[in-house]
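Contents: one structure, followed by commentary.
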Amino acid sequence: MGQGLSNTPASELDKFIEDHLLPDSGFRDDVKAIINIMCDFLKERCFQGAAHPVRVSKVVKGGSSGKGTALNGRSDADLVVFLTNLTSFEDQLKRRGEFIQEIKKQLHKFQRERHIWVKFEVQNPWWSNPRVLSFKLSSPQLQREVEFDVLPAYDVLGHVGIYGKPDPEIYRKLIRQCTSLRLEGEFSTCFTELQRNFLKQRPTKLKSLIRLVKHWYQLCKEKLGKPLPPQYALELLTVYAWERGSGVTKFNTAQGFRTVLELVTKYRQLRIYWTVYYDFQDQDISNYLHSQLRRARPVILDPADPTGNVAGSNSDGWGRLAREATAWFRYPCFKNKDGSPVHSWDVPTEVGVPHQENQETHFFRNVCLFALLVFGVLRASSA
């Protein structure tokens with residue numbers, strides 16, 4: 001199908017997505033059924049026999065299935081299990097291994113009992129305190145296989161509305177913990193709902209463009225083999241390209257695709273972030289964001305977790321991907337019917353950063369505001 005994409009004319013990319021990349025309804029239903037089996041198992045059954053009482057507050061579906069960007073024939077589901085027994089980020093770090101061992105033990109039991117038709121291939125974790133339990137679940141009835149990553153997490157957000165903005169104290173706590181442990185992005189699982197919401201509400205056509213970029217990324221992975229930048233970075237780059245270059249629900253897919261690949265070729269200039277869930281209003285968060293955005297590029301901050309630079313630090317991987325992107329510009333998928341090249345959207349490689357106030361300026365500004373407030377109150381009382 002790689003040959004298929006590179007030889008597809010620009011005008012037929014939408015048809016290519018529809019024919020090859022969109023999951024058919026049968027596939028979607030099967031995957032949904034398998035994921036529901038796992039969610040029910042984790043919520044209702046998994047910790048019943050645990051030595052100490054364990055309570056699951058919620059199971060959140062992430063990955064491509066949760067975001068609505070799954071490719072046909074490929075499905076991965078990140079299931080984040082939020083446990084009331086984990087009461088801090090530090091707790092999650094120290095105790096996640098014991099919960100993963102319990103889940104693994106119960107999975108083996110589950111497949112031996114009446115649900116024998118569910119087949120698990122549990123991979124052995126390499127270290128004693130693993131972050132994630134990965135396995136494949138298949139069902140002979142449904143003839144599908146779904147890759148699962150199950151991750152225990154601390155429920156720092158509690159109830160999350162689709163458009164809700166977390167209390168800044170949550171991010172202050174996260175920044176303190178990640179800074180002291182020097183483990184940036186370590187607790188991004190706690191913010192899975194925000195990552196999912198960031199993508200889930202997007203227009204259908206943008207999700208189709210994300211699928212196209214993901215398919216291209218998979219082709220590059222098969223060809224280049226060596227470690228490449230994280231796929232999530234490419235997904236966010238696609239959202240950014242659309243926000244800055246189009247912003248409308250109907251757009252030219254080839255233009256969007258070319259814009260994303262051009263941004264990949266300019267990876268040394270990328271500085272991208274969003275202020276949907278965190279911003280510069282709080283002084284501590286602002287100071288941290290400024291330090292993050294001064295780092296060596298590429299910088300693509302996770303919109304849900306300011307400690308996570310999802311661009312990673314693999315500049316060699318970005319270089320390989322950039323060279324591949326440049327080669328693709330010669331292919332028919334970037335040529336108009338008259339043979340002329342498809343033009344990209346005009347998108348900047350960096351997002352501007354507000355001026356950083358130092359502590360003295362911040363203190364002086366607050367004193368002035370307080371003085372003005374007192375003056376206003378005195379004036380009103382004397383009137």
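How things are named: the first chain in the structure tokens is A, the next is B, and so on; residues count from 1 in each chain; ligands count from 1 in the order shown.
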
**Item:** Those in stretch 130-290 of chain A with strand (DSSP E) from DSSP, as number ranges by chain
**Value:** A: 133-139, 144-154, 271-272

**Item:** Exercise: A:Asp76 partners within 10 Å, only C-alpha atoms, chain neighbours under 4 positions left out, as a ChimeraX atom specification
**Value:** /A:31,35,62-66,70-71,136,145-149

Okay, now the selection with C-alpha atoms, as a PDB file, in the first residue's frame?
```pdb
ATOM      1  CA  VAL A  31     -12.437  -3.691  18.257  1.00  0.00           C
ATOM      2  CA  ILE A  35     -11.946  -3.187  24.364  1.00  0.00           C
ATOM      3  CA  GLY A  62      -6.484   6.386  25.066  1.00  0.00           C
ATOM      4  CA  GLY A  63      -4.451   5.500  21.979  1.00  0.00           C
ATOM      5  CA  SER A  64      -5.839   5.714  18.450  1.00  0.00           C
ATOM      6  CA  SER A  65      -9.083   3.993  19.478  1.00  0.00           C
ATOM      7  CA  GLY A  66      -9.782   6.590  22.162  1.00  0.00           C
ATOM      8  CA  ALA A  70      -7.410   4.327  14.287  1.00  0.00           C
ATOM      9  CA  LEU A  71      -6.188   2.966  10.946  1.00  0.00           C
ATOM     10  CA  LYS A 136      -2.373  -8.697  22.470  1.00  0.00           C
ATOM     11  CA  GLU A 145      -6.373  -8.701  17.354  1.00  0.00           C
ATOM     12  CA  VAL A 146      -5.987  -5.596  19.454  1.00  0.00           C
ATOM     13  CA  GLU A 147      -2.724  -4.454  21.018  1.00  0.00           C
ATOM     14  CA  PHE A 148      -3.181  -3.207  24.564  1.00  0.00           C
ATOM     15  CA  ASP A 149      -1.041  -1.086  26.827  1.00  0.00           C
TER      16      ASP A 149
END
```

**Asked** Which neighbours of A:Gly339 fall inside 12 Å, counting only C-alpha atoms, when residues of the same chain fewer than 6 positions from it are skipped, and could you give them as an MDAnalysis selection string?
**Response** chainID A and resid 9:11 330:333

**Request:** Select, from A:Thr326, A:Thr204, A:Gln283, A:Gln231, the residue with the minimum atom-to-atom distance to A:Gln356, counting only C-alpha atoms.
**Result:**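 Ranked by minimum distance to A:Gln356, first place goes to A:Gln283.
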
**Message:** I'd like to know which of A:Leu13, A:Leu133, A:Leu321, A:Ile103 is closest to A:Cys220, using only C-alpha atoms.
**Reply:**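 Closest to A:Cys220, using only C-alpha atoms: A:Leu321.
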
**Request:** Please provide the set of residues having any atom within 12 Å of A:Trp328, restricted to only C-alpha atoms, with same-chain residues fewer than 2 positions apart removed, written as a ChimeraX atom specification.
**Result:** /A:2-3,5-8,216-217,219-220,257-258,261-262,264-265,321-326,330-335,341

How close does stretch 69-175 of chain A get to stretch 182-185 of chain A? List, as a Markdown table, each residue of stretch 69-175 of chain A within 12 Å, its nearest atom pair and the distance in Å to one decimal, counting only C-alpha atoms.
```
| residue | atom | partner | partner_atom | distance |
| --- | --- | --- | --- | --- |
| A:Phe89 | CA | A:Leu183 | CA | 11.3 |
| A:Glu90 | CA | A:Leu183 | CA | 11.3 |
| A:Leu93 | CA | A:Leu183 | CA | 10.4 |
| A:Leu174 | CA | A:Glu184 | CA | 9.4 |
| A:Ile175 | CA | A:Glu184 | CA | 8.5 |
```
